[in-house]
>>> print(open('query20.txt').read())   # compact mmCIF, C-alpha atoms
# COMPACT_ATOMS: atom_id res chain seq x y z
CA MET A 298 55.93 20.51 99.65
CA ASN A 299 59.19 21.85 98.36
CA LYS A 300 57.38 23.44 95.42
CA LEU A 301 55.00 25.17 97.79
CA VAL A 302 57.89 26.66 99.78
CA LEU A 303 59.56 27.87 96.60
CA VAL A 304 56.36 29.53 95.42
CA LEU A 305 55.96 31.31 98.77
CA ILE A 306 59.55 32.54 98.72
CA ALA A 307 59.17 33.79 95.18
CA GLY A 308 55.96 35.59 96.13
CA LEU A 309 57.58 37.32 99.07
CA ALA A 310 60.54 38.32 96.97
CA LEU A 311 58.27 40.01 94.46
CA ALA A 312 55.95 41.57 97.03
CA GLY A 313 58.77 43.26 98.99
CA PRO A 314 59.93 45.79 96.38
CA LEU A 315 56.39 46.45 95.22
CA GLY A 316 55.24 47.19 98.81
CA ALA A 317 58.17 49.47 99.43
CA GLN A 318 57.42 51.36 96.23
CA ARG A 319 53.80 51.82 97.28
CA ALA A 320 54.81 53.01 100.77
CA LYS A 321 57.11 55.55 99.16
CA GLU A 322 54.23 56.87 97.10
CA ILE A 323 51.90 57.17 100.11
CA ALA A 324 54.32 58.63 102.67
CA PRO A 325 54.42 62.46 102.71
CA VAL A 326 57.65 64.04 101.59
CA VAL A 327 59.38 65.75 104.49
CA ARG A 328 62.67 67.53 104.41
CA PHE A 329 64.70 69.39 106.96
CA GLN A 330 66.21 72.79 106.45
CA ALA A 331 68.48 74.96 108.56
CA VAL A 332 68.05 78.70 108.28
CA ASP A 333 70.83 80.95 109.57
CA ILE A 334 69.90 84.28 111.09
CA TYR A 335 72.36 87.13 110.73
CA VAL A 336 72.41 90.52 112.41
CA ASP A 337 74.56 93.30 111.09
CA SER A 338 75.19 95.98 113.71
CA VAL A 339 77.77 97.67 111.47
CA ASP A 340 80.45 99.13 113.74
CA GLN A 341 78.59 98.82 117.03
CA PRO A 342 79.22 95.92 119.41
CA LEU A 343 76.07 93.83 119.58
CA ALA A 344 75.20 93.37 123.26
CA ALA A 345 71.58 92.32 122.82
CA TYR A 346 69.15 91.44 120.07
CA GLN A 347 65.60 90.25 119.64
CA ILE A 348 64.14 89.07 116.37
CA GLU A 349 60.96 87.51 115.04
CA PHE A 350 61.17 84.68 112.57
CA ALA A 351 58.23 83.24 110.68
CA ALA A 352 57.57 81.08 107.68
CA ASP A 353 54.85 82.02 105.26
CA THR A 354 53.27 78.57 105.24
CA GLU A 355 52.02 76.19 107.87
CA ALA A 356 53.82 73.40 106.06
CA VAL A 357 56.88 74.59 107.98
CA LYS A 358 57.40 73.43 111.55
CA ILE A 359 60.23 74.70 113.71
CA VAL A 360 62.06 71.77 115.25
CA GLY A 361 64.96 73.48 116.93
CA VAL A 362 66.86 76.69 117.60
CA GLU A 363 70.57 76.84 118.19
CA GLY A 364 73.06 79.57 118.95
CA GLY A 365 75.28 81.52 116.61
CA GLU A 366 78.89 81.57 115.58
CA HIS A 367 80.38 84.27 117.80
CA PRO A 368 81.40 83.08 121.28
CA ALA A 369 79.13 85.70 122.83
CA TYR A 370 76.12 84.08 121.20
CA GLN A 371 77.04 80.43 120.90
CA GLU A 372 74.60 79.37 123.58
CA ALA A 373 71.06 78.71 122.48
CA PRO A 374 69.11 81.96 122.59
CA TYR A 375 65.92 82.56 124.52
CA TYR A 376 62.80 81.40 122.72
CA ASP A 377 59.39 80.14 123.68
CA PRO A 378 59.35 76.32 123.62
CA ARG A 379 55.81 76.56 122.30
CA ALA A 380 57.34 77.72 119.04
CA ILE A 381 58.44 74.16 118.39
CA GLN A 382 56.10 72.57 115.86
CA ARG A 383 54.86 76.00 114.89
CA GLU A 384 55.92 78.25 112.05
CA GLN A 385 57.03 81.30 114.03
CA VAL A 386 59.36 82.08 116.88
CA VAL A 387 60.76 85.03 118.79
CA ILE A 388 64.48 84.71 119.45
CA ALA A 389 66.51 86.88 121.80
CA ALA A 390 69.84 86.92 123.57
CA PHE A 391 72.18 89.30 125.30
CA ASN A 392 75.69 89.33 126.62
CA THR A 393 77.10 91.61 129.29
CA ALA A 394 80.71 91.01 128.32
CA SER A 395 82.94 93.95 127.47
CA ALA A 396 82.72 95.47 124.01
CA ASP A 397 85.91 93.69 122.97
CA ASN A 398 84.16 90.38 123.45
CA LEU A 399 81.05 91.26 121.47
CA PRO A 400 80.56 90.86 117.74
CA THR A 401 80.46 93.80 115.41
CA GLY A 402 79.39 93.85 111.80
CA ARG A 403 77.49 90.93 110.30
CA THR A 404 77.36 87.90 112.52
CA ARG A 405 75.28 84.73 112.65
CA ILE A 406 73.38 84.99 115.89
CA ALA A 407 71.20 81.88 115.64
CA THR A 408 70.09 79.02 113.42
CA VAL A 409 66.53 77.83 113.14
CA HIS A 410 65.95 74.23 112.15
CA LEU A 411 62.82 73.53 110.17
CA GLN A 412 60.80 70.56 109.04
CA ILE A 413 59.13 71.31 105.75
CA GLY A 414 56.24 69.15 104.70
CA GLY A 415 55.16 68.33 101.17
CA ASP A 416 56.65 70.09 98.22
CA ALA A 417 56.33 73.47 99.84
CA ASP A 418 58.87 76.09 98.92
CA PRO A 419 58.41 78.39 101.88
CA GLY A 420 59.46 81.95 102.24
CA PHE A 421 60.74 83.34 105.51
CA ILE A 422 60.01 86.60 107.24
CA VAL A 423 62.57 87.84 109.70
CA ARG A 424 62.19 91.08 111.54
CA LEU A 425 64.47 92.82 114.01
CA LYS A 426 62.66 93.82 117.18
CA THR A 427 65.63 95.39 118.87
CA ALA A 428 69.40 95.48 118.94
CA ALA A 429 71.42 97.31 121.52
CA THR A 430 74.88 98.27 122.62
CA LEU A 431 76.46 97.47 125.94
CA GLU A 432 74.91 100.62 127.39
CA GLY A 433 71.48 99.40 126.41
CA GLU A 434 71.12 101.95 123.63
CA ARG A 435 69.25 100.77 120.58
CA VAL A 436 71.27 100.59 117.41
CA PRO A 437 70.04 100.42 113.86
CA ALA A 438 70.87 96.97 112.63
CA GLU A 439 69.89 94.73 109.76
CA VAL A 440 68.67 91.18 110.13
CA THR A 441 68.64 88.59 107.39
CA ALA A 442 67.76 84.91 107.07
CA GLN A 443 69.63 82.58 104.80
CA GLU A 444 68.91 78.94 104.05
CA ARG A 445 71.92 76.81 104.75
CA ASN A 446 73.12 74.74 101.87
CA ASP A 447 75.07 71.77 103.13
CA ASP A 448 75.83 70.41 99.66
CA MET B 272 51.67 63.38 164.22
CA ASN B 273 54.78 64.79 165.76
CA GLU B 274 55.32 63.64 169.30
CA PHE B 275 55.61 67.23 170.47
CA ASN B 276 52.19 67.98 169.07
CA ARG B 277 50.50 64.97 170.65
CA PRO B 278 48.08 66.02 173.41
CA GLU B 279 48.90 64.84 176.87
CA GLN B 280 46.51 62.07 177.76
CA ASP B 281 46.68 62.75 181.49
CA GLU B 282 46.41 66.48 181.20
CA GLN B 283 43.06 67.79 182.43
CA ILE B 284 42.26 71.39 182.98
CA GLU B 285 40.28 71.86 186.17
CA ALA B 286 38.49 75.09 186.97
CA PRO B 287 37.23 76.08 190.39
CA GLU B 288 33.65 75.04 191.00
CA GLU B 289 32.65 78.61 191.87
CA LEU B 290 33.82 79.84 188.49
CA ILE B 291 31.95 77.08 186.70
CA GLU B 292 28.74 77.89 188.57
CA ALA B 293 29.13 81.63 187.93
CA LEU B 294 29.61 81.04 184.21
CA ALA B 295 26.56 78.76 184.12
CA GLU B 296 24.43 81.39 185.87
CA LEU B 297 25.54 84.09 183.45
CA ASP B 298 23.05 83.12 180.74
CA ASN B 299 20.13 83.20 183.13
CA GLU B 300 20.90 86.61 184.52
CA HIS B 301 18.82 89.41 182.99
CA ILE B 302 19.77 93.02 183.41
CA PHE B 303 16.70 95.14 183.98
CA VAL B 304 16.58 98.50 182.24
CA PRO B 305 13.61 100.64 183.31
CA PRO B 306 11.40 101.72 180.37
CA SER B 307 11.78 105.35 181.39
CA VAL B 308 15.59 105.15 181.05
CA ASP B 309 15.30 103.32 177.75
CA GLY B 310 12.85 105.92 176.40
CA ALA B 311 15.02 108.81 177.53
CA ILE B 312 18.06 107.39 175.74
CA MET B 313 16.12 106.81 172.54
CA ALA B 314 14.62 110.32 172.65
CA ALA B 315 18.03 111.89 173.11
CA ALA B 316 19.42 109.86 170.26
CA ARG B 317 16.54 110.87 167.95
CA LYS B 318 16.96 114.49 168.85
CA HIS B 319 20.68 114.38 168.19
CA LEU B 320 20.50 112.55 164.89
CA ASN B 321 17.47 114.40 163.53
CA ALA B 322 19.20 117.72 164.16
CA GLY B 323 21.85 116.88 161.56
CA GLN B 324 19.79 114.87 159.09
CA GLY B 325 16.65 116.96 158.73
CA GLY B 326 14.55 114.28 160.36
CA ALA B 327 14.58 111.95 157.42
CA LEU B 328 17.01 109.29 158.54
CA LEU B 329 15.85 108.43 162.00
CA ALA B 330 12.12 108.33 162.33
CA GLY B 331 10.08 106.91 165.08
CA PRO B 332 6.81 107.33 166.86
CA GLN B 333 7.77 110.82 168.02
CA SER B 334 8.65 112.25 164.61
CA GLY B 335 6.12 110.28 162.64
CA THR B 336 6.80 107.79 159.87
CA PRO B 337 8.63 109.43 156.98
CA PRO B 338 7.06 109.35 153.55
CA ARG B 339 8.08 106.32 151.53
CA SER B 340 9.32 108.56 148.76
CA ASN B 341 11.88 110.06 151.19
CA ILE B 342 13.34 106.65 151.91
CA ILE B 343 13.49 105.79 148.23
CA ALA B 344 15.08 109.14 147.44
CA TRP B 345 17.74 108.69 150.11
CA SER B 346 18.48 105.13 149.15
CA GLY B 347 18.71 106.22 145.51
CA TRP B 348 21.20 108.93 146.39
CA GLY B 349 23.14 106.46 148.49
CA VAL B 350 23.41 104.03 145.60
CA ALA B 351 24.43 106.79 143.23
CA ILE B 352 27.12 108.10 145.58
CA ALA B 353 28.44 104.61 146.26
CA ALA B 354 28.56 103.85 142.55
CA SER B 355 30.39 107.06 141.76
CA VAL B 356 32.93 106.42 144.54
CA VAL B 357 33.58 102.90 143.21
CA LEU B 358 33.92 104.30 139.69
CA MET B 359 36.37 106.96 140.79
CA ILE B 360 38.48 104.45 142.68
CA SER B 361 38.55 102.07 139.75
CA LEU B 362 39.47 104.81 137.29
CA THR B 363 42.02 106.69 139.36
CA GLY B 364 43.38 104.07 141.74
CA PRO B 365 46.69 102.39 141.11
CA ASN B 366 46.60 99.05 139.37
CA PRO B 367 48.89 96.22 140.47
CA GLN B 368 51.33 96.90 137.65
CA THR B 369 51.57 100.53 138.61
CA ARG B 370 52.14 99.59 142.20
CA GLN B 371 54.88 97.19 141.21
CA ALA B 372 56.45 99.81 139.03
CA ASP B 373 56.23 102.43 141.75
CA GLN B 374 58.11 100.15 144.07
CA ALA B 375 61.06 99.91 141.77
CA PRO B 376 61.93 103.09 139.99
CA GLU B 377 65.16 104.09 141.63
CA PRO B 378 67.66 101.45 140.48
CA GLN B 379 66.89 101.94 136.83
CA GLU B 380 67.14 105.66 137.26
CA THR B 381 70.49 105.22 138.95
CA ALA B 382 71.54 102.90 136.16
CA GLU B 383 70.52 105.49 133.59
CA LEU B 384 72.38 108.15 135.50
CA ALA B 385 75.45 105.95 135.70
CA ALA B 386 75.23 105.27 131.99
CA ALA B 387 74.81 108.96 131.29
CA GLU B 388 77.76 109.81 133.46
CA ALA B 389 79.83 107.16 131.74
CA ALA B 390 78.89 108.74 128.43
CA GLY B 391 80.02 112.12 129.71
CA ALA B 392 76.56 113.59 130.01
CA SER B 393 75.75 116.01 132.79
CA ALA B 394 73.27 115.17 135.52
CA PRO B 395 69.68 116.10 134.70
CA THR B 396 68.58 119.48 135.86
CA GLU B 397 65.69 119.94 138.24
CA THR B 398 63.48 121.01 135.33
CA GLU B 399 64.37 117.87 133.41
CA ALA B 400 63.62 115.79 136.47
CA MET B 401 60.24 117.46 136.82
CA THR B 402 59.34 116.87 133.20
CA ALA B 403 60.41 113.26 133.54
CA ALA B 404 58.29 112.77 136.63
CA PRO B 405 54.95 112.20 134.83
CA ALA B 406 56.55 109.53 132.69
CA ALA B 407 57.82 107.81 135.81
CA LYS B 408 54.28 107.67 137.15
CA ALA B 409 52.90 106.02 134.04
CA ALA B 410 51.82 102.40 134.26
CA PHE B 411 54.56 99.94 133.35
CA ALA B 412 54.52 96.21 133.18
CA ARG B 413 56.35 94.59 136.04
CA GLU B 414 58.97 93.14 133.72
CA ASP B 415 59.52 96.48 131.97
CA VAL B 416 62.76 97.08 133.85
CA ASN B 417 64.03 99.85 131.58
CA ARG B 418 60.62 101.51 131.50
CA ASP B 419 60.30 101.94 127.77
CA ASN B 420 56.74 100.56 127.71
CA THR B 421 57.97 97.40 126.01
CA VAL B 422 58.94 94.14 127.62
CA ASP B 423 61.79 92.82 125.56
CA ILE B 424 65.27 91.41 125.89
CA LEU B 425 66.60 94.82 126.83
CA ASP B 426 64.74 94.54 130.13
CA ALA B 427 66.49 91.28 130.93
CA PHE B 428 69.74 92.87 129.81
CA ALA B 429 69.19 95.89 132.07
CA LEU B 430 68.41 93.67 135.05
CA ALA B 431 71.47 91.52 134.38
CA ARG B 432 73.66 94.59 134.30
CA GLN B 433 72.18 95.84 137.56
CA ILE B 434 72.86 92.51 139.23
CA GLU B 435 76.37 92.20 137.82
CA GLY B 436 77.09 95.81 138.71
CA ALA B 437 76.23 95.03 142.32
CA GLN B 438 73.65 97.78 142.30
CA VAL B 439 70.81 97.78 144.79
CA VAL B 440 68.08 95.91 142.98
CA PRO B 441 64.52 96.45 144.19
CA ALA B 442 62.68 93.55 145.71
CA ALA B 443 60.01 93.90 143.03
CA TYR B 444 62.44 92.32 140.59
CA ASP B 445 62.32 89.01 142.44
CA PHE B 446 60.09 87.65 139.71
CA ASN B 447 60.31 84.00 140.70
CA ASN B 448 59.68 84.83 144.37
CA ASP B 449 62.60 82.81 145.70
CA GLY B 450 63.87 85.63 147.88
CA ILE B 451 66.96 86.18 145.75
CA ILE B 452 67.37 88.44 142.76
CA ASP B 453 69.76 86.62 140.50
CA ARG B 454 70.20 85.19 137.03
CA ALA B 455 66.99 83.19 137.41
CA ASP B 456 65.04 86.44 137.55
CA VAL B 457 66.88 87.67 134.48
CA ASP B 458 65.89 84.47 132.70
CA TRP B 459 62.31 85.03 133.82
CA VAL B 460 62.18 88.44 132.14
CA ALA B 461 63.87 87.08 129.02
CA ARG B 462 61.33 84.28 128.77
CA VAL B 463 58.49 86.75 129.10
CA SER B 464 60.00 88.84 126.33
CA VAL B 465 60.02 85.97 123.84
CA LYS B 466 56.66 84.52 124.77
CA LEU B 467 54.43 83.84 121.80
>>> encode(input="query20.txt", output="structure tokens")
Amino acid sequence: MNKLVLVLIAGLALAGPLGAQRAKEIAPVVRFQAVDIYVDSVDQPLAAYQIEFAADTEAVKIVGVEGGEHPAYQEAPYYDPRAIQREQVVIAAFNTASADNLPTGRTRIATVHLQIGGDADPGFIVRLKTAATLEGERVPAEVTAQERNDD
Amino acid sequence: MNEFNRPEQDEQIEAPEELIEALAELDNEHIFVPPSVDGAIMAAARKHLNAGQGGALLAGPQSGTPPRSNIIAWSGWGVAIAASVVLMISLTGPNPQTRQADQAPEPQETAELAAAEAAGASAPTETEAMTAAPAAKAAFAREDVNRDNTVDILDAFALARQIEGAQVVPAAYDFNNDGIIDRADVDWVARVSVKL
């Protein structure tokens, strides 16, 4: 009886690591990536912006959108909740504060959190739809996306 | 059921017997119109209507039965005219978006004027106002607050500034129909602008 118990324990001890190894081989590789979105309005105070963000592969799923670094844009921007679990999103925000309280130059206005499936190495397309001053006048601005490296 | 809405059990409406009898007799009473009077009225009516319609619309025993082709021709013209009227209305009539936009042009114009004045610009001349008029009549989406033919975050921004500036905001901007034009309506426009 004791021998039987020992054999069972030994079997389980061997099967555990082997099963885990097999599960690791079967399970899809998923990683998470944060992408920071920057808008550069040069010397104009940025009172409003709207951008389009998209990944070039369906292996990318958006899992969250958060606000930027400047106090005027720290709250989560407007976006369509249907963008979650999809690979594209439209992001927009505005602030009616005085010009002194608005960012100028290059500022991070939002961060998009992504789930990337498989070994995909996606590219990102980010396009500025509009950027405006406090008077509502459109300003030429540049938008860029940058993968965040937490290492 | 609310107690105030409950019918009174003891309440009975009683009408005078004479009225009840008179109402009952009403159905049985026939008003006699002599055939001569009836014929005279019909003849006068035919004469009057045929004078303006060339005798084709109202035909009877006195004018003879019109040719079938006349009836078909008139009904064909009627259908054609009705169809063209419907087509004209559908092509030239205001659509709901236009109507909404027409209800709410002034505040944005005042906002633009205020912005222009703040920027030191002079008020638009009458000629400028006249040239701008056709643009104001163009069809805009309801959420296109700044009337640039695009619904984007700048429309929400413009509405927010109008509300914060205590300007008179048109009722058409009550997008969520809660009777108040406030931040919730601004959020409504912003959500529309980012919709996928």
>>> closest_residue(input="query20.txt", among="A:Arg405, A:Lys300, A:Arg383, A:Arg445", to="chain B", atoms="all atoms listed in the file")
A:Arg383
>>> closest_residue(input="query20.txt", among="A:Gln412, A:Ser338, A:Thr430, A:Gln371", to="chain B", atoms="only C-alpha atoms")
A:Thr430
>>> axis_aligned_box(input="query20.txt", around="stretch 327-340 of chain A", padding_each_side="6 Å", output="AutoDock Vina command-line options")
--center_x 69.9 --center_y 82.4 --center_z 109.1 --size_x 33.1 --size_y 45.4 --size_z 21.3
>>> residues_near_point(input="query20.txt", point="(57.3, 78.3, 120.1)", cutoff="12 Å", atoms="only C-alpha atoms", output="JSON, numbers by chain")
{"A": [349, 350, 351, 358, 359, 360, 361, 362, 375, 376, 377, 378, 379, 380, 381, 382, 383, 384, 385, 386, 387, 388, 409], "B": [462, 465, 466, 467]}
>>> closest_residue(input="query20.txt", among="A:Val326, A:Leu343, A:Asn398, A:Ala331", to="A:Pro437", atoms="only C-alpha atoms")
A:Leu343
>>> atom_distance(input="query20.txt", atom1="atom CA of A:Leu411", atom2="atom CA of A:Ala429")
27.7 Å
>>> atom_distance(input="query20.txt", atom1="atom CA of B:Glu414", atom2="atom CA of B:Ala437")
19.4 Å
>>> interface_residues(input="query20.txt", of="chain B", to="chain A", cutoff="9 Å", atoms="all atoms listed in the file", output="list in words")
Ala386, Asp423, Ile424, Leu425, Ala427, Phe428, Ala429, Ala431, Arg432, Glu435, Asp458, Ala461, Arg462, Val463, Ser464, Val465, Lys466 and Leu467 of chain B
>>> write_last_selection(input="query20.txt", atoms="C-alpha atoms", output="tab-separated table (two decimals), in the coordinates of the input")
chain	number	residue	atom	x	y	z
B	386	ALA	CA	75.23	105.27	131.99
B	423	ASP	CA	61.79	92.82	125.56
B	424	ILE	CA	65.27	91.41	125.89
B	425	LEU	CA	66.60	94.82	126.83
B	427	ALA	CA	66.49	91.28	130.93
B	428	PHE	CA	69.74	92.87	129.81
B	429	ALA	CA	69.19	95.89	132.07
B	431	ALA	CA	71.47	91.52	134.38
B	432	ARG	CA	73.66	94.59	134.30
B	435	GLU	CA	76.37	92.20	137.82
B	458	ASP	CA	65.89	84.47	132.70
B	461	ALA	CA	63.87	87.08	129.02
B	462	ARG	CA	61.33	84.28	128.77
B	463	VAL	CA	58.49	86.75	129.10
B	464	SER	CA	60.00	88.84	126.33
B	465	VAL	CA	60.02	85.97	123.84
B	466	LYS	CA	56.66	84.52	124.77
B	467	LEU	CA	54.43	83.84	121.80
>>> atom_distance(input="query20.txt", atom1="atom CA of A:Ile334", atom2="atom CA of A:Leu399")
16.8 Å
>>> decode(input="query20.txt", residues="stretch 366-389 of chain A", atoms="N, CA and C atoms", output="mmCIF file, in the first residue's frame")
data_model
loop_
_atom_site.group_PDB
_atom_site.id
_atom_site.type_symbol
_atom_site.label_atom_id
_atom_site.label_comp_id
_atom_site.auth_asym_id
_atom_site.auth_seq_id
_atom_site.Cartn_x
_atom_site.Cartn_y
_atom_site.Cartn_z
ATOM 1 N N GLU A 366 -0.595 64.204 -19.370
ATOM 2 C CA GLU A 366 0.250 64.623 -18.260
ATOM 3 C C GLU A 366 -0.100 66.019 -17.750
ATOM 4 N N HIS A 367 -0.531 66.889 -18.649
ATOM 5 C CA HIS A 367 -0.844 68.260 -18.234
ATOM 6 C C HIS A 367 -2.165 68.261 -17.455
ATOM 7 N N PRO A 368 -2.236 69.084 -16.405
ATOM 8 C CA PRO A 368 -3.478 69.101 -15.605
ATOM 9 C C PRO A 368 -4.732 69.347 -16.448
ATOM 10 N N ALA A 369 -4.596 70.095 -17.512
ATOM 11 C CA ALA A 369 -5.775 70.392 -18.344
ATOM 12 C C ALA A 369 -6.303 69.146 -19.048
ATOM 13 N N TYR A 370 -5.460 68.147 -19.170
ATOM 14 C CA TYR A 370 -5.868 66.942 -19.915
ATOM 15 C C TYR A 370 -5.618 65.654 -19.140
ATOM 16 N N GLN A 371 -5.615 65.776 -17.822
ATOM 17 C CA GLN A 371 -5.364 64.570 -17.025
ATOM 18 C C GLN A 371 -6.568 63.635 -16.967
ATOM 19 N N GLU A 372 -7.748 64.209 -17.108
ATOM 20 C CA GLU A 372 -8.937 63.343 -17.128
ATOM 21 C C GLU A 372 -8.953 62.522 -18.404
ATOM 22 N N ALA A 373 -9.584 61.364 -18.315
ATOM 23 C CA ALA A 373 -9.688 60.521 -19.513
ATOM 24 C C ALA A 373 -10.406 61.284 -20.619
ATOM 25 N N PRO A 374 -9.897 61.230 -21.813
ATOM 26 C CA PRO A 374 -10.530 61.970 -22.910
ATOM 27 C C PRO A 374 -11.828 61.295 -23.340
ATOM 28 N N TYR A 375 -12.537 61.949 -24.241
ATOM 29 C CA TYR A 375 -13.717 61.345 -24.849
ATOM 30 C C TYR A 375 -13.265 60.292 -25.861
ATOM 31 N N TYR A 376 -13.901 59.141 -25.812
ATOM 32 C CA TYR A 376 -13.682 58.130 -26.844
ATOM 33 C C TYR A 376 -14.895 57.211 -26.846
ATOM 34 N N ASP A 377 -15.077 56.542 -27.932
ATOM 35 C CA ASP A 377 -16.215 55.633 -28.063
ATOM 36 C C ASP A 377 -15.880 54.319 -27.347
ATOM 37 N N PRO A 378 -16.681 53.932 -26.365
ATOM 38 C CA PRO A 378 -16.387 52.676 -25.650
ATOM 39 C C PRO A 378 -16.330 51.459 -26.578
ATOM 40 N N ARG A 379 -16.959 51.587 -27.731
ATOM 41 C CA ARG A 379 -16.898 50.459 -28.673
ATOM 42 C C ARG A 379 -15.489 50.251 -29.224
ATOM 43 N N ALA A 380 -14.626 51.216 -28.988
ATOM 44 C CA ALA A 380 -13.243 51.066 -29.453
ATOM 45 C C ALA A 380 -12.499 50.008 -28.651
ATOM 46 N N ILE A 381 -12.989 49.754 -27.445
ATOM 47 C CA ILE A 381 -12.347 48.730 -26.625
ATOM 48 C C ILE A 381 -12.507 47.382 -27.323
ATOM 49 N N GLN A 382 -11.418 46.653 -27.346
ATOM 50 C CA GLN A 382 -11.322 45.359 -28.046
ATOM 51 C C GLN A 382 -11.299 45.530 -29.563
ATOM 52 N N ARG A 383 -11.103 46.750 -30.018
ATOM 53 C CA ARG A 383 -10.871 46.966 -31.438
ATOM 54 C C ARG A 383 -9.495 47.592 -31.605
ATOM 55 N N GLU A 384 -9.122 47.816 -32.866
ATOM 56 C CA GLU A 384 -7.758 48.284 -33.098
ATOM 57 C C GLU A 384 -7.705 49.763 -33.462
ATOM 58 N N GLN A 385 -8.838 50.463 -33.356
ATOM 59 C CA GLN A 385 -8.799 51.898 -33.650
ATOM 60 C C GLN A 385 -9.715 52.653 -32.696
ATOM 61 N N VAL A 386 -9.374 53.925 -32.524
ATOM 62 C CA VAL A 386 -10.149 54.755 -31.597
ATOM 63 C C VAL A 386 -10.007 56.217 -32.008
ATOM 64 N N VAL A 387 -11.050 56.965 -31.740
ATOM 65 C CA VAL A 387 -11.003 58.421 -31.901
ATOM 66 C C VAL A 387 -10.981 59.014 -30.494
ATOM 67 N N ILE A 388 -10.016 59.865 -30.249
ATOM 68 C CA ILE A 388 -9.836 60.449 -28.914
ATOM 69 C C ILE A 388 -9.949 61.965 -29.036
ATOM 70 N N ALA A 389 -10.656 62.568 -28.088
ATOM 71 C CA ALA A 389 -10.807 64.023 -28.130
ATOM 72 C C ALA A 389 -10.981 64.564 -26.725
#
